[in-house]
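*Asks:* Quick one, my_file-v5.pdb (PDB, C-alpha atoms):
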```pdb
MODEL        1
ATOM      1  CA  ASP A 170     185.124  62.465 -23.310  1.00  0.00           C
ATOM      2  CA  ALA A 171     187.033  61.477 -26.419  1.00  0.00           C
ATOM      3  CA  GLY A 172     188.651  58.687 -24.377  1.00  0.00           C
ATOM      4  CA  ILE A 173     185.678  56.381 -24.818  1.00  0.00           C
ATOM      5  CA  THR A 174     183.957  55.752 -28.125  1.00  0.00           C
ATOM      6  CA  GLN A 175     181.115  53.526 -29.241  1.00  0.00           C
ATOM      7  CA  SER A 176     180.354  52.054 -32.645  1.00  0.00           C
ATOM      8  CA  PRO A 177     178.094  51.996 -34.450  1.00  0.00           C
ATOM      9  CA  ARG A 178     176.234  55.049 -33.176  1.00  0.00           C
ATOM     10  CA  HIS A 179     173.044  54.028 -34.967  1.00  0.00           C
ATOM     11  CA  LYS A 180     171.898  50.673 -36.260  1.00  0.00           C
ATOM     12  CA  VAL A 181     168.661  49.305 -37.642  1.00  0.00           C
ATOM     13  CA  THR A 182     168.375  45.553 -37.898  1.00  0.00           C
ATOM     14  CA  GLU A 183     165.774  42.832 -38.217  1.00  0.00           C
ATOM     15  CA  THR A 184     164.524  40.395 -35.624  1.00  0.00           C
ATOM     16  CA  GLY A 185     166.689  37.296 -35.399  1.00  0.00           C
ATOM     17  CA  THR A 186     169.900  38.838 -36.711  1.00  0.00           C
ATOM     18  CA  PRO A 187     173.089  39.020 -34.636  1.00  0.00           C
ATOM     19  CA  VAL A 188     174.353  42.421 -33.588  1.00  0.00           C
ATOM     20  CA  THR A 189     177.641  43.481 -32.019  1.00  0.00           C
ATOM     21  CA  LEU A 190     178.245  46.846 -30.414  1.00  0.00           C
ATOM     22  CA  ARG A 191     181.783  47.957 -29.722  1.00  0.00           C
ATOM     23  CA  CYS A 192     183.161  50.104 -26.936  1.00  0.00           C
ATOM     24  CA  HIS A 193     186.715  51.383 -27.135  1.00  0.00           C
ATOM     25  CA  GLN A 194     188.546  53.321 -24.421  1.00  0.00           C
ATOM     26  CA  THR A 195     192.005  54.810 -24.413  1.00  0.00           C
ATOM     27  CA  GLU A 196     192.217  55.512 -20.666  1.00  0.00           C
ATOM     28  CA  ASN A 197     193.581  52.077 -19.722  1.00  0.00           C
ATOM     29  CA  HIS A 198     190.625  51.704 -17.360  1.00  0.00           C
ATOM     30  CA  ARG A 199     190.192  48.311 -15.792  1.00  0.00           C
ATOM     31  CA  TYR A 200     186.412  48.396 -15.353  1.00  0.00           C
ATOM     32  CA  MET A 201     183.952  48.663 -18.239  1.00  0.00           C
ATOM     33  CA  TYR A 202     180.167  48.486 -18.357  1.00  0.00           C
ATOM     34  CA  TRP A 203     177.262  48.160 -20.750  1.00  0.00           C
ATOM     35  CA  TYR A 204     173.955  49.818 -19.830  1.00  0.00           C
ATOM     36  CA  ARG A 205     170.730  50.114 -21.737  1.00  0.00           C
ATOM     37  CA  GLN A 206     168.465  53.134 -21.440  1.00  0.00           C
ATOM     38  CA  ASP A 207     164.725  52.948 -21.982  1.00  0.00           C
ATOM     39  CA  PRO A 208     162.001  55.503 -21.189  1.00  0.00           C
ATOM     40  CA  GLY A 209     160.695  54.979 -17.667  1.00  0.00           C
ATOM     41  CA  HIS A 210     163.496  52.576 -16.761  1.00  0.00           C
ATOM     42  CA  GLY A 211     166.538  54.784 -16.495  1.00  0.00           C
ATOM     43  CA  LEU A 212     169.896  53.103 -16.962  1.00  0.00           C
ATOM     44  CA  ARG A 213     170.005  49.358 -16.420  1.00  0.00           C
ATOM     45  CA  LEU A 214     173.226  47.377 -16.200  1.00  0.00           C
ATOM     46  CA  ILE A 215     173.569  44.570 -18.742  1.00  0.00           C
ATOM     47  CA  HIS A 216     177.090  43.241 -18.178  1.00  0.00           C
ATOM     48  CA  TYR A 217     180.329  44.532 -16.785  1.00  0.00           C
ATOM     49  CA  SER A 218     183.998  43.646 -16.900  1.00  0.00           C
ATOM     50  CA  TYR A 219     186.658  44.011 -14.236  1.00  0.00           C
ATOM     51  CA  GLY A 220     189.567  43.028 -16.450  1.00  0.00           C
ATOM     52  CA  VAL A 221     190.588  41.192 -19.592  1.00  0.00           C
ATOM     53  CA  LYS A 222     188.479  38.035 -19.902  1.00  0.00           C
ATOM     54  CA  ASP A 223     186.750  38.808 -16.586  1.00  0.00           C
ATOM     55  CA  THR A 224     183.066  39.631 -16.987  1.00  0.00           C
ATOM     56  CA  ASP A 225     179.895  39.333 -14.964  1.00  0.00           C
ATOM     57  CA  LYS A 226     176.165  39.734 -15.395  1.00  0.00           C
ATOM     58  CA  GLY A 227     174.136  42.771 -14.462  1.00  0.00           C
ATOM     59  CA  GLU A 228     170.422  43.341 -13.893  1.00  0.00           C
ATOM     60  CA  VAL A 229     169.224  42.620 -17.448  1.00  0.00           C
ATOM     61  CA  SER A 230     171.721  40.211 -18.990  1.00  0.00           C
ATOM     62  CA  ASP A 231     169.330  37.757 -20.668  1.00  0.00           C
ATOM     63  CA  GLY A 232     169.813  37.751 -24.456  1.00  0.00           C
ATOM     64  CA  TYR A 233     173.195  39.485 -24.272  1.00  0.00           C
ATOM     65  CA  SER A 234     176.783  38.312 -24.144  1.00  0.00           C
ATOM     66  CA  VAL A 235     180.036  40.234 -23.810  1.00  0.00           C
ATOM     67  CA  SER A 236     183.695  39.748 -24.475  1.00  0.00           C
ATOM     68  CA  ARG A 237     186.839  41.561 -23.373  1.00  0.00           C
ATOM     69  CA  SER A 238     189.971  40.306 -25.083  1.00  0.00           C
ATOM     70  CA  LYS A 239     191.873  43.582 -24.660  1.00  0.00           C
ATOM     71  CA  THR A 240     191.799  46.238 -21.971  1.00  0.00           C
ATOM     72  CA  GLU A 241     190.603  48.860 -24.398  1.00  0.00           C
ATOM     73  CA  ASP A 242     187.731  46.961 -26.048  1.00  0.00           C
ATOM     74  CA  PHE A 243     184.451  45.693 -24.596  1.00  0.00           C
ATOM     75  CA  LEU A 244     182.013  44.090 -27.025  1.00  0.00           C
ATOM     76  CA  LEU A 245     178.295  43.585 -26.486  1.00  0.00           C
ATOM     77  CA  THR A 246     176.627  40.917 -28.635  1.00  0.00           C
ATOM     78  CA  LEU A 247     172.964  40.217 -29.217  1.00  0.00           C
ATOM     79  CA  GLU A 248     173.019  36.690 -30.627  1.00  0.00           C
ATOM     80  CA  SER A 249     169.505  36.948 -32.054  1.00  0.00           C
ATOM     81  CA  ALA A 250     168.039  40.424 -31.765  1.00  0.00           C
ATOM     82  CA  THR A 251     164.440  40.891 -30.626  1.00  0.00           C
ATOM     83  CA  SER A 252     162.202  43.961 -30.717  1.00  0.00           C
ATOM     84  CA  SER A 253     162.449  44.230 -26.914  1.00  0.00           C
ATOM     85  CA  GLN A 254     166.149  44.968 -27.363  1.00  0.00           C
ATOM     86  CA  THR A 255     165.392  48.193 -29.206  1.00  0.00           C
ATOM     87  CA  SER A 256     167.104  50.707 -26.955  1.00  0.00           C
ATOM     88  CA  VAL A 257     169.943  53.143 -26.504  1.00  0.00           C
ATOM     89  CA  TYR A 258     173.061  51.369 -25.289  1.00  0.00           C
ATOM     90  CA  PHE A 259     175.691  53.172 -23.276  1.00  0.00           C
ATOM     91  CA  CYS A 260     179.159  51.925 -22.564  1.00  0.00           C
ATOM     92  CA  ALA A 261     181.091  53.280 -19.596  1.00  0.00           C
ATOM     93  CA  SER A 262     184.542  52.885 -18.146  1.00  0.00           C
ATOM     94  CA  GLN A 263     185.933  53.442 -14.690  1.00  0.00           C
ATOM     95  CA  GLY A 264     189.445  54.212 -13.617  1.00  0.00           C
ATOM     96  CA  PRO A 265     191.371  52.663 -10.748  1.00  0.00           C
ATOM     97  CA  GLY A 266     190.619  53.715  -7.214  1.00  0.00           C
ATOM     98  CA  ALA A 267     187.530  55.708  -8.092  1.00  0.00           C
ATOM     99  CA  ASN A 268     183.862  55.006  -8.635  1.00  0.00           C
ATOM    100  CA  VAL A 269     183.294  57.646 -11.307  1.00  0.00           C
ATOM    101  CA  LEU A 270     181.875  56.310 -14.546  1.00  0.00           C
ATOM    102  CA  THR A 271     182.670  57.989 -17.853  1.00  0.00           C
ATOM    103  CA  PHE A 272     180.068  57.237 -20.495  1.00  0.00           C
ATOM    104  CA  GLY A 273     180.354  56.872 -24.233  1.00  0.00           C
ATOM    105  CA  ALA A 274     178.034  58.785 -26.548  1.00  0.00           C
ATOM    106  CA  GLY A 275     175.584  55.896 -26.863  1.00  0.00           C
ATOM    107  CA  SER A 276     174.466  53.529 -29.609  1.00  0.00           C
ATOM    108  CA  ARG A 277     170.852  53.645 -30.746  1.00  0.00           C
ATOM    109  CA  LEU A 278     169.676  50.195 -31.835  1.00  0.00           C
ATOM    110  CA  THR A 279     166.353  49.599 -33.548  1.00  0.00           C
ATOM    111  CA  VAL A 280     165.175  46.028 -34.064  1.00  0.00           C
ATOM    112  CA  LEU A 281     162.330  45.725 -36.572  1.00  0.00           C
TER
ATOM    113  CA  GLY B  58     169.954  43.151  -4.660  1.00  0.00           C
ATOM    114  CA  GLU B  59     170.191  46.920  -4.508  1.00  0.00           C
ATOM    115  CA  ASN B  60     167.091  48.903  -5.373  1.00  0.00           C
ATOM    116  CA  VAL B  61     167.251  52.656  -5.970  1.00  0.00           C
ATOM    117  CA  GLU B  62     164.002  54.605  -5.965  1.00  0.00           C
ATOM    118  CA  GLN B  63     163.953  58.174  -7.309  1.00  0.00           C
ATOM    119  CA  HIS B  64     161.268  60.863  -6.947  1.00  0.00           C
ATOM    120  CA  PRO B  65     159.732  62.786  -8.534  1.00  0.00           C
ATOM    121  CA  SER B  66     159.836  61.480 -12.099  1.00  0.00           C
ATOM    122  CA  THR B  67     159.166  64.978 -13.451  1.00  0.00           C
ATOM    123  CA  LEU B  68     159.750  68.368 -11.874  1.00  0.00           C
ATOM    124  CA  SER B  69     158.951  71.798 -13.238  1.00  0.00           C
ATOM    125  CA  VAL B  70     160.234  74.978 -11.577  1.00  0.00           C
ATOM    126  CA  GLN B  71     160.510  78.656 -12.389  1.00  0.00           C
ATOM    127  CA  GLU B  72     163.915  80.077 -13.134  1.00  0.00           C
ATOM    128  CA  GLY B  73     165.551  81.149  -9.898  1.00  0.00           C
ATOM    129  CA  ASP B  74     163.640  78.700  -7.727  1.00  0.00           C
ATOM    130  CA  SER B  75     165.201  75.684  -6.009  1.00  0.00           C
ATOM    131  CA  ALA B  76     164.770  72.068  -7.087  1.00  0.00           C
ATOM    132  CA  VAL B  77     165.070  68.979  -4.911  1.00  0.00           C
ATOM    133  CA  ILE B  78     165.266  65.385  -6.125  1.00  0.00           C
ATOM    134  CA  LYS B  79     165.185  62.507  -3.661  1.00  0.00           C
ATOM    135  CA  CYS B  80     166.461  58.932  -3.804  1.00  0.00           C
ATOM    136  CA  THR B  81     166.281  55.971  -1.472  1.00  0.00           C
ATOM    137  CA  TYR B  82     168.419  52.848  -1.565  1.00  0.00           C
ATOM    138  CA  SER B  83     168.008  49.422  -0.013  1.00  0.00           C
ATOM    139  CA  ASP B  84     171.532  48.006   0.441  1.00  0.00           C
ATOM    140  CA  SER B  85     173.070  49.313   3.651  1.00  0.00           C
ATOM    141  CA  ALA B  86     176.509  48.311   2.332  1.00  0.00           C
ATOM    142  CA  SER B  87     176.319  50.908  -0.448  1.00  0.00           C
ATOM    143  CA  ASN B  88     178.850  53.649   0.228  1.00  0.00           C
ATOM    144  CA  TYR B  89     179.008  55.762  -2.937  1.00  0.00           C
ATOM    145  CA  PHE B  90     176.158  57.903  -4.267  1.00  0.00           C
ATOM    146  CA  PRO B  91     176.666  59.860  -7.491  1.00  0.00           C
ATOM    147  CA  TRP B  92     174.327  62.109  -9.428  1.00  0.00           C
ATOM    148  CA  TYR B  93     174.425  62.247 -13.211  1.00  0.00           C
ATOM    149  CA  LYS B  94     172.921  64.839 -15.521  1.00  0.00           C
ATOM    150  CA  GLN B  95     171.813  63.899 -19.022  1.00  0.00           C
ATOM    151  CA  GLU B  96     170.883  66.582 -21.493  1.00  0.00           C
ATOM    152  CA  LEU B  97     168.660  65.656 -24.405  1.00  0.00           C
ATOM    153  CA  GLY B  98     170.496  63.400 -26.847  1.00  0.00           C
ATOM    154  CA  LYS B  99     173.696  63.463 -24.792  1.00  0.00           C
ATOM    155  CA  ARG B 100     175.553  61.048 -22.563  1.00  0.00           C
ATOM    156  CA  PRO B 101     175.096  61.051 -18.764  1.00  0.00           C
ATOM    157  CA  GLN B 102     177.744  63.098 -17.002  1.00  0.00           C
ATOM    158  CA  LEU B 103     178.678  63.157 -13.340  1.00  0.00           C
ATOM    159  CA  ILE B 104     177.752  66.410 -11.608  1.00  0.00           C
ATOM    160  CA  ILE B 105     178.360  65.573  -7.951  1.00  0.00           C
ATOM    161  CA  ASP B 106     178.904  62.560  -5.737  1.00  0.00           C
ATOM    162  CA  ILE B 107     179.049  61.750  -2.048  1.00  0.00           C
ATOM    163  CA  ARG B 108     180.516  58.954  -0.003  1.00  0.00           C
ATOM    164  CA  SER B 109     178.998  57.416   3.095  1.00  0.00           C
ATOM    165  CA  ASN B 110     181.470  59.039   5.478  1.00  0.00           C
ATOM    166  CA  VAL B 111     180.149  62.501   4.563  1.00  0.00           C
ATOM    167  CA  GLY B 112     176.716  63.972   5.272  1.00  0.00           C
ATOM    168  CA  GLU B 113     176.695  66.834   2.802  1.00  0.00           C
ATOM    169  CA  LYS B 114     178.691  68.107  -0.149  1.00  0.00           C
ATOM    170  CA  LYS B 115     178.318  71.332  -2.104  1.00  0.00           C
ATOM    171  CA  ASP B 116     179.599  72.558  -5.433  1.00  0.00           C
ATOM    172  CA  GLN B 117     178.440  76.059  -6.311  1.00  0.00           C
ATOM    173  CA  ARG B 118     174.661  75.839  -6.901  1.00  0.00           C
ATOM    174  CA  ILE B 119     174.338  72.112  -6.367  1.00  0.00           C
ATOM    175  CA  ALA B 120     174.504  70.114  -3.159  1.00  0.00           C
ATOM    176  CA  VAL B 121     173.901  66.551  -2.109  1.00  0.00           C
ATOM    177  CA  THR B 122     172.839  65.352   1.341  1.00  0.00           C
ATOM    178  CA  LEU B 123     172.997  61.814   2.665  1.00  0.00           C
ATOM    179  CA  ASN B 124     171.104  60.220   5.536  1.00  0.00           C
ATOM    180  CA  LYS B 125     172.630  56.781   6.058  1.00  0.00           C
ATOM    181  CA  THR B 126     170.218  55.814   8.812  1.00  0.00           C
ATOM    182  CA  ALA B 127     167.192  56.426   6.640  1.00  0.00           C
ATOM    183  CA  LYS B 128     169.031  55.267   3.495  1.00  0.00           C
ATOM    184  CA  HIS B 129     168.162  58.261   1.432  1.00  0.00           C
ATOM    185  CA  PHE B 130     170.054  61.014  -0.354  1.00  0.00           C
ATOM    186  CA  SER B 131     168.952  64.153  -2.140  1.00  0.00           C
ATOM    187  CA  LEU B 132     170.134  66.555  -4.831  1.00  0.00           C
ATOM    188  CA  HIS B 133     169.521  70.242  -4.261  1.00  0.00           C
ATOM    189  CA  ILE B 134     169.852  72.806  -7.041  1.00  0.00           C
ATOM    190  CA  THR B 135     169.522  76.457  -6.049  1.00  0.00           C
ATOM    191  CA  GLU B 136     168.900  79.465  -8.287  1.00  0.00           C
ATOM    192  CA  THR B 137     167.893  77.230 -11.163  1.00  0.00           C
ATOM    193  CA  GLN B 138     168.639  78.311 -14.714  1.00  0.00           C
ATOM    194  CA  PRO B 139     167.184  77.121 -18.052  1.00  0.00           C
ATOM    195  CA  GLU B 140     170.419  75.217 -18.750  1.00  0.00           C
ATOM    196  CA  ASP B 141     169.703  73.086 -15.682  1.00  0.00           C
ATOM    197  CA  SER B 142     166.863  71.501 -17.673  1.00  0.00           C
ATOM    198  CA  ALA B 143     167.813  67.837 -18.148  1.00  0.00           C
ATOM    199  CA  VAL B 144     167.213  64.360 -16.779  1.00  0.00           C
ATOM    200  CA  TYR B 145     168.970  63.690 -13.495  1.00  0.00           C
ATOM    201  CA  PHE B 146     169.869  60.203 -12.282  1.00  0.00           C
ATOM    202  CA  CYS B 147     170.926  59.104  -8.828  1.00  0.00           C
ATOM    203  CA  ALA B 148     172.837  55.877  -8.267  1.00  0.00           C
ATOM    204  CA  ALA B 149     174.300  53.655  -5.569  1.00  0.00           C
ATOM    205  CA  ASN B 150     176.957  50.948  -5.537  1.00  0.00           C
ATOM    206  CA  PRO B 151     175.554  47.694  -4.164  1.00  0.00           C
ATOM    207  CA  GLY B 152     177.722  45.961  -1.596  1.00  0.00           C
ATOM    208  CA  GLY B 153     180.090  48.893  -1.614  1.00  0.00           C
ATOM    209  CA  SER B 154     181.505  47.573  -4.877  1.00  0.00           C
ATOM    210  CA  GLN B 155     184.129  49.383  -6.933  1.00  0.00           C
ATOM    211  CA  GLY B 156     181.706  49.886  -9.776  1.00  0.00           C
ATOM    212  CA  ASN B 157     178.455  48.267 -10.801  1.00  0.00           C
ATOM    213  CA  LEU B 158     176.266  51.287 -10.117  1.00  0.00           C
ATOM    214  CA  ILE B 159     172.525  50.788  -9.883  1.00  0.00           C
ATOM    215  CA  PHE B 160     170.630  53.836 -11.144  1.00  0.00           C
ATOM    216  CA  GLY B 161     167.289  55.353 -10.267  1.00  0.00           C
ATOM    217  CA  LYS B 162     164.796  55.823 -13.078  1.00  0.00           C
ATOM    218  CA  GLY B 163     165.553  59.498 -13.492  1.00  0.00           C
ATOM    219  CA  THR B 164     163.900  62.874 -12.930  1.00  0.00           C
ATOM    220  CA  LYS B 165     163.131  65.160 -15.832  1.00  0.00           C
ATOM    221  CA  LEU B 166     163.716  68.701 -14.611  1.00  0.00           C
ATOM    222  CA  SER B 167     162.254  71.595 -16.586  1.00  0.00           C
ATOM    223  CA  VAL B 168     163.256  75.153 -15.678  1.00  0.00           C
ATOM    224  CA  LYS B 169     160.884  77.722 -17.124  1.00  0.00           C
ATOM    225  CA  PRO B 170     162.294  81.162 -17.945  1.00  0.00           C
TER
ENDMDL
END
```
If you took the structure in this file and wrote it as structure tokens, what would it be?

*Replies:*
Amino acid sequence: DAGITQSPRHKVTETGTPVTLRCHQTENHRYMYWYRQDPGHGLRLIHYSYGVKDTDKGEVSDGYSVSRSKTEDFLLTLESATSSQTSVYFCASQGPGANVLTFGAGSRLTVL
Amino acid sequence: GENVEQHPSTLSVQEGDSAVIKCTYSDSASNYFPWYKQELGKRPQLIIDIRSNVGEKKDQRIAVTLNKTAKHFSLHITETQPEDSAVYFCAANPGGSQGNLIFGKGTKLSVKP
């Protein structure tokens, strides 16, 4: 799955600081997603994008914003990180005409 | 909105036995039901999927069944092996959407040698 990468893979930050996670895909996929994974909650959708500059909210979007200025990049921003946003964040992309999601390797964020 | 319930949350079997994981969904418009496997510290990866126009699909030791009337679908793993140990997630696409999968909370499967 080298076609989709996330950065940084690990980050420790303090409450109140801004954080941006980056997802980069080389598959020219139209659809991209950000999920968070927490014990006992599975994978929960934060935001998704169905094209450049076209984004929408998922199940748990409060406290998060996204941007998609290029097909290949989907950014997730925590404007002011809180401890409840400590999680593993997965980006995924989806090709045309298919529902299959391909996930990135994940970004582990710790907010102290 | 769509709600996907998954059971059990943990499952322990002996090597060689079968394992069954069940999911229910609430949105009757959902028409795509994938299963993802996540090994410890790894990313989720698709292992099998089924669409609403099919009742069953098999791929070697794994199979998925779908009951649209009851709105539930199940993953069946036969002849389990230690490498099947992982967390398994089911999902559904609300409103029959292209993407936007809603996942169950996962089942941790342990296969004991």

*Asks:* From the set A:Thr182, A:Ser252, A:Pro177, A:Val235, which residue has the shortest atom-to-atom contact distance to A:Met201, counting all atoms listed in the file?

*Replies:*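 Looking at the shortest contact to A:Met201, the residue is A:Val235.
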
*Asks:* Step by step, gather every atom of stretch 197-200 of chain A that the file lists, find the box along x, y and z that holds them, add 8 Å on each side, and finally give centre and edge lengths in Å to one decimal, as lines of an AutoDock Vina configuration file.

*Replies:*
```
center_x = 190.0
center_y = 50.2
center_z = -17.5
size_x = 23.2
size_y = 19.8
size_z = 20.4
```

*Asks:* On this structure, the ChimeraX specification (/B :<10) & /A would catch which residues? List them as an NGL selection string, sorted by chain and number.

*Replies:* :A and (170 or 200-202 or 206-214 or 216-219 or 225-228 or 259-275)

*Asks:* Which residue, B:Ser167, B:Thr122, B:Thr137, B:Ser85, has the smallest gap to B:Gly73 when you use all atoms listed in the file?

*Replies:* B:Thr137

*Asks:* Would you write out, as a PDB file with C-alpha atoms, in the frame of the given file, every residue that the PyMOL selection byres ((chain A and resi 279) around 6) captures in this file?

*Replies:*
```pdb
ATOM      1  CA  VAL A 181     168.661  49.305 -37.642  1.00  0.00           C
ATOM      2  CA  THR A 255     165.392  48.193 -29.206  1.00  0.00           C
ATOM      3  CA  LEU A 278     169.676  50.195 -31.835  1.00  0.00           C
ATOM      4  CA  VAL A 280     165.175  46.028 -34.064  1.00  0.00           C
TER       5      VAL A 280
END
```

*Asks:* Hey, what comes out of the PyMOL selection byres ((chain B and resi 59) around 7) on this file? Could you write it as a list in words?

*Replies:*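 Applying the expression gives Gly58, Asn60, Val61, Tyr82, Ser83, Asp84 and Pro151 of chain B.
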
*Asks:* B:Leu132: which residues within 9 Å, counting all atoms listed in the file, same-chain residues fewer than 5 positions away excluded, as a compact mmCIF listing (two decimals) with C-alpha atoms, in the coordinates of the input?

*Replies:*
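Writing the result to out-v4.txt gives the following:
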```
# COMPACT_ATOMS: atom_id res chain seq x y z
CA ALA B 76 164.77 72.07 -7.09
CA VAL B 77 165.07 68.98 -4.91
CA ILE B 78 165.27 65.39 -6.12
CA LYS B 79 165.18 62.51 -3.66
CA CYS B 80 166.46 58.93 -3.80
CA TRP B 92 174.33 62.11 -9.43
CA ILE B 105 178.36 65.57 -7.95
CA ILE B 119 174.34 72.11 -6.37
CA ALA B 120 174.50 70.11 -3.16
CA VAL B 121 173.90 66.55 -2.11
CA THR B 122 172.84 65.35 1.34
CA CYS B 147 170.93 59.10 -8.83
```

*Asks:* Using all atoms listed in the file, which of B:Ile134, B:Leu97, B:Ile107, B:Val168 sits nearest B:Ala149?

*Replies:*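 Going through B:Ile134, B:Leu97, B:Ile107, B:Val168 one by one, the smallest distance to B:Ala149 is for B:Ile107.
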
*Asks:* To one decimal in Å, tell me the separation between atom CA of A:Ile215 and atom CA of B:Ala143.

*Replies:*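 The value is 24.0 Å.
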
*Asks:* In Å, rounded to a single decimal, give me how far atom CA of A:Tyr204 is from atom CA of A:Val257.

*Replies:*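 If I compute the distance from atom CA of A:Val257 to atom CA of A:Tyr204, I get 8.5 Å.
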
*Asks:* What is the atom CA of B:Thr135 to atom CA of B:Gln63 distance in Å?

*Replies:*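 Calculated distance between atom CA of B:Thr135 and atom CA of B:Gln63 is 19.2 Å.
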
*Asks:* Write out as a list in words each polymer residue whose atoms come within 8 Å of A:Ser234, counting all atoms listed in the file; drop sequence neighbours fewer than 4 positions from it.

*Replies:*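 Answer for this query is His216, Ser230, Leu245, Thr246, Leu247 and Glu248 of chain A.
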
*Asks:* Would you mind telling me which residue in B:His129, B:Ser142, B:Thr81, B:Pro170 lies nearest to B:Gly112 when using only C-alpha atoms?

*Replies:*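 Checking each of B:His129, B:Ser142, B:Thr81, B:Pro170 against B:Gly112, counting only C-alpha atoms, the winner is B:His129.
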
*Asks:* Applying 6 Å and all atoms listed in the file, which residues near A:Thr184 remain after dropping the ones on its own chain fewer than 5 positions away? List them as a PyMOL selection string.

*Replies:* chain A and resi 250-251+280-281

*Asks:* Write a file of the selected residues as a PDB file, in the frame of the given file, keeping C-alpha atoms.

*Replies:*
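Saved file out31.pdb follows:
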```
ATOM      1  CA  ALA A 250     168.039  40.424 -31.765  1.00  0.00           C
ATOM      2  CA  THR A 251     164.440  40.891 -30.626  1.00  0.00           C
ATOM      3  CA  VAL A 280     165.175  46.028 -34.064  1.00  0.00           C
ATOM      4  CA  LEU A 281     162.330  45.725 -36.572  1.00  0.00           C
TER       5      LEU A 281
END
```

*Asks:* From the set B:Ser75, B:Leu68, B:Asn124, B:Lys169, which residue has the shortest atom-to-atom contact distance to B:Pro139, counting all atoms listed in the file?

*Replies:*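 Nearest to B:Pro139: B:Lys169.
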
*Asks:* Tell me which of B:Glu62, B:Asp141, B:Ser87, B:Val70 sits closest to B:Asn110, counting only C-alpha atoms.

*Replies:*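 Selected residue with least distance to B:Asn110: B:Ser87.
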
*Asks:* Kindly reconstruct stretch 60-77 of chain B with N, CA and C atoms and present the result as a compact mmCIF listing (two decimals), keeping the file's coordinate frame.

*Replies:*
```
# COMPACT_ATOMS: atom_id res chain seq x y z
N ASN B 60 168.20 48.26 -4.70
CA ASN B 60 167.09 48.90 -5.37
C ASN B 60 167.17 50.40 -5.08
N VAL B 61 167.17 51.21 -6.13
CA VAL B 61 167.25 52.66 -5.97
C VAL B 61 165.95 53.27 -6.50
N GLU B 62 165.25 53.94 -5.61
CA GLU B 62 164.00 54.60 -5.96
C GLU B 62 164.25 56.11 -6.05
N GLN B 63 163.72 56.75 -7.09
CA GLN B 63 163.95 58.17 -7.31
C GLN B 63 162.63 58.89 -7.50
N HIS B 64 162.50 60.06 -6.85
CA HIS B 64 161.27 60.86 -6.95
C HIS B 64 161.61 62.36 -6.95
N PRO B 65 160.83 63.17 -7.65
CA PRO B 65 159.73 62.79 -8.53
C PRO B 65 160.26 62.35 -9.90
N SER B 66 159.41 61.86 -10.76
CA SER B 66 159.84 61.48 -12.10
C SER B 66 159.91 62.70 -13.01
N THR B 67 159.10 63.71 -12.73
CA THR B 67 159.17 64.98 -13.45
C THR B 67 159.06 66.12 -12.45
N LEU B 68 159.73 67.21 -12.76
CA LEU B 68 159.75 68.37 -11.87
C LEU B 68 159.85 69.62 -12.73
N SER B 69 158.94 70.55 -12.50
CA SER B 69 158.95 71.80 -13.24
C SER B 69 159.07 72.95 -12.25
N VAL B 70 160.02 73.84 -12.47
CA VAL B 70 160.23 74.98 -11.58
C VAL B 70 160.42 76.24 -12.41
N GLN B 71 160.23 77.36 -11.76
CA GLN B 71 160.51 78.66 -12.39
C GLN B 71 161.99 78.99 -12.22
N GLU B 72 162.52 79.64 -13.21
CA GLU B 72 163.92 80.08 -13.13
C GLU B 72 164.14 80.85 -11.84
N GLY B 73 165.23 80.49 -11.16
CA GLY B 73 165.55 81.15 -9.90
C GLY B 73 165.08 80.39 -8.67
N ASP B 74 164.11 79.51 -8.85
CA ASP B 74 163.64 78.70 -7.73
C ASP B 74 164.62 77.57 -7.46
N SER B 75 164.39 76.86 -6.35
CA SER B 75 165.20 75.68 -6.01
C SER B 75 164.50 74.41 -6.47
N ALA B 76 165.29 73.38 -6.71
CA ALA B 76 164.77 72.07 -7.09
C ALA B 76 165.40 71.02 -6.19
N VAL B 77 164.58 70.07 -5.77
CA VAL B 77 165.07 68.98 -4.91
C VAL B 77 164.62 67.64 -5.49
```
